[in-house]
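Peer 1: My structure is below; once you've seen it, I'll send some questions.
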Amino acid sequence: MTAFTPATPFRVSVDGGELAGGQWHADAGGMPLVGIHGITANHVSWGMVAAALPGVRLIAPDLRGRGGSGGLPGPYAMAGHADDVARMLDGLGVERAVVAGHSMGAFVAVWMAERHPDRVERLVLIDGGLPVLRTADLGPARDRLRMTFASADDYLAFWHRHPALGPWWNDAVEAYALYDLVGTPPELRSSVSEAAMSVNATEMDGSSGYAEALAGLTLPIAFVRAPRGLLNTDPLYLPEEPAEWRGRLPWFEAFEADDVNHYTIVMTEAGVRQLTPHLPGAYPAHPHYHSDPAAHAHPHPKEK
């Protein structure tokens with residue numbers, strides 16, 4: 001795998017100010033990939049994916065209330081995040097892209113496909129985007145937003161202790177953590193708005209029309225489940241949950257990642273290796289990715 005490199009930053013105009021983000025391989029041809037991060041994350045979380053796809057233009061925003069977009073005002077609803085992503089594509093001159101979302105970002109990706117269907121080639125939902133039927137343990141993430149740190153080293157030490165990231169530490173994880181840090185010593189803190197997190201946490205149960213929006217999509221969708229969750233223990237989804245959606249939507253494909261957790265599925269080489277078959281660098285190698293949803297009316301070849 002190509003070594004991790006930082007993205008080239010960008011800023012585009014959206015309601016209330018400018019949306020920040022980063023892109024890799026901006027001159028690459030072919031279908032671009034948009035990567036949408038999770039509830040307390042930022043665009044740097046896509047760095048390992050970018051390293052694995054050197055021939056793909058990867059564009060990743062900092063969602064409103066996070067990272068370089070931390071100062072953007074609300075409202076913070078996920079449908080609004082999707083509108084921001086569409087404005088980002090306008091600002092960067094991109095007509096259409098494969099849209100991948102990780103965790104909460106997968107919900108934003110679904111809203112993007114529902115509200116701006118002409119901009120989305122297909123969806124890749126990475127351990128997110130299906131209504132969460134059990135309460136996710138976001139307490140530790142919320143606690144982090146209320147903490148201050150005397151130095152960057154203290155913040156890195158905090159992340160080194162995280163059970164789902166510390167044991168798999170790499171340059172990409174360190175860059176992700178440092179990018180999140182704002183303020184001045186000894187009052188450094190996370191860039192993430194607790195208000196933004198709170199709004200989005202309440203939206204992951206499928207309410208407010210979300211489940212209906214997902215059920216109404218008619219484009220190719222790949223869902224990849226991590227077997228371990230936010231704290232490297234219980235998964236966010238049980239295996240039968242994506243299987244149920246596979247039964248409801250013939251163009252929905254469910255895949256199981258092996259030996260990764262909710263974070264390492266996108267932030268380690270072992271996780272990304274299992275995602276790349278579903279991302280633009282592999283397209284059209286997999287016959288179940290087809291622009292005609294009718295092509296998905298039959299089982300995937302591996303299921304026959």
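Going by the structure tokens order, chains are called A, B, ..., each with residues numbered from 1, while ligands are numbered from 1 in the order shown.
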List every residue of stretch 44-77 of chain A that has an atom at most 6 Å from any atom of stretch 189-201 of chain A, giving for each one its closest atom pair and the distance in Å to one decimal, counting only C-alpha atoms, sorted by chain and then by ascending residue number, as a tab-separated table.

Peer 2:
```
residue	atom	partner	partner_atom	distance
A:Gly65	CA	A:Ser193	CA	5.1
A:Arg66	CA	A:Val192	CA	4.4
A:Gly67	CA	A:Ser191	CA	5.3
A:Gly70	CA	A:Ser191	CA	5.8
A:Tyr76	CA	A:Ala196	CA	5.5
```

Peer 1: Please return as a list in words: the residues of stretch 105-299 of chain A that backbone DSSP assigns to strand (DSSP E).

Peer 2: Val120, Glu121, Arg122, Leu123, Val124, Leu125, Ile126, Leu181, Val182, Arg189, Ser190, Ile221, Ala222, Phe223, Val224, Arg225, Phe252, Glu253, Ala254, Phe255 and Glu256 of chain A

Peer 1: When you look at A:Ala222 with a cut-off of 7 Å (counting only C-alpha atoms), what residues show up, excluding the ones that are within fewer than 4 positions of it in the same chain? I need them as an mmCIF file with C-alpha atoms, in the first residue's frame.

Peer 2:
```cif
data_model
loop_
_atom_site.group_PDB
_atom_site.id
_atom_site.type_symbol
_atom_site.label_atom_id
_atom_site.label_comp_id
_atom_site.auth_asym_id
_atom_site.auth_seq_id
_atom_site.Cartn_x
_atom_site.Cartn_y
_atom_site.Cartn_z
ATOM 1 C CA LEU A 123 -23.259 4.139 -2.396
ATOM 2 C CA VAL A 124 -20.771 2.366 -0.161
ATOM 3 C CA LEU A 125 -21.998 2.280 3.451
ATOM 4 C CA PHE A 252 -28.436 -3.771 -1.712
ATOM 5 C CA GLU A 253 -25.398 -6.017 -1.127
ATOM 6 C CA ALA A 254 -24.126 -6.858 2.361
#
```

Peer 1: Out of A:Leu236, A:Ala50, A:Ile126, A:Met88, which residue has the shortest atom-to-atom distance to A:Ala106 when counting only C-alpha atoms?

Peer 2: A:Ile126

Peer 1: Each residue of stretch 114-228 of chain A with at least one atom at most 12 Å from stretch 22-33 of chain A should appear once, together with its nearest atom pair and the corresponding distance in Å (one decimal); atoms considered: only C-alpha atoms; ordering: chain, then increasing residue number; output as JSON lines.

Peer 2:
```
{"residue": "A:Arg119", "atom": "CA", "partner": "A:Pro32", "partner_atom": "CA", "distance": 11.0}
{"residue": "A:Val120", "atom": "CA", "partner": "A:Leu33", "partner_atom": "CA", "distance": 9.8}
{"residue": "A:Glu121", "atom": "CA", "partner": "A:Met31", "partner_atom": "CA", "distance": 8.6}
{"residue": "A:Arg122", "atom": "CA", "partner": "A:Leu33", "partner_atom": "CA", "distance": 9.9}
{"residue": "A:Leu123", "atom": "CA", "partner": "A:Leu33", "partner_atom": "CA", "distance": 9.9}
{"residue": "A:Val124", "atom": "CA", "partner": "A:Leu33", "partner_atom": "CA", "distance": 10.0}
{"residue": "A:Tyr179", "atom": "CA", "partner": "A:Gly22", "partner_atom": "CA", "distance": 11.6}
```

Peer 1: Export, as a short mmCIF file (atom, residue, chain, number, x, y, z; two decimals), in the first residue's frame, the selected residues with C-alpha atoms.

Peer 2:
```
data_model
loop_
_atom_site.label_atom_id
_atom_site.label_comp_id
_atom_site.auth_asym_id
_atom_site.auth_seq_id
_atom_site.Cartn_x
_atom_site.Cartn_y
_atom_site.Cartn_z
CA ARG A 119 -24.88 13.44 -8.19
CA VAL A 120 -24.50 9.88 -6.84
CA GLU A 121 -23.27 6.97 -8.95
CA ARG A 122 -23.60 4.41 -6.16
CA LEU A 123 -23.26 4.14 -2.40
CA VAL A 124 -20.77 2.37 -0.16
CA TYR A 179 -6.10 17.59 12.91
#
```

Peer 1: Neighbouring residues of A:Pro73 were defined as those with any atom within 9 Å, considering only C-alpha atoms; residues of the same chain fewer than 5 positions away were excluded. Please report them as a list in words.

Peer 2: Asp15, Gly16, Gly17, Arg64 and Gly65 of chain A

Peer 1: Could you list, as a PyMOL selection string, every residue within 9 Å of stretch 257-271 of chain A, counting only C-alpha atoms and ignoring same-chain residues fewer than 2 positions away?

Peer 2: chain A and resi 1+45-49+52+102-103+126-127+164-165+168-170+172-173+224-233+235-236+255+273-275

Peer 1: Let me make sure I understand: among A:Arg57, A:Gly101, A:Val108, A:Val34, which one has the smallest atom-to-atom distance to A:His81 if we use only C-alpha atoms?

Peer 2: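 Among the listed residues, the smallest separation from A:His81 belongs to A:Val108.
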
Peer 1: Could you tell me which of A:Gly183, A:Gly281, A:Pro250, A:Gly129 comes closest to A:Ala113 if we count only C-alpha atoms?

Peer 2: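 Counting only C-alpha atoms, the residue closest to A:Ala113 is A:Gly129.
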
Peer 1: Could you check the closest approach to A:Ala60 for each of A:Glu203, A:Asp84, A:Glu256, A:Glu174 and tell me which residue wins, using only C-alpha atoms?

Peer 2: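 Using only C-alpha atoms, A:Ala60 sits closest to A:Asp84.
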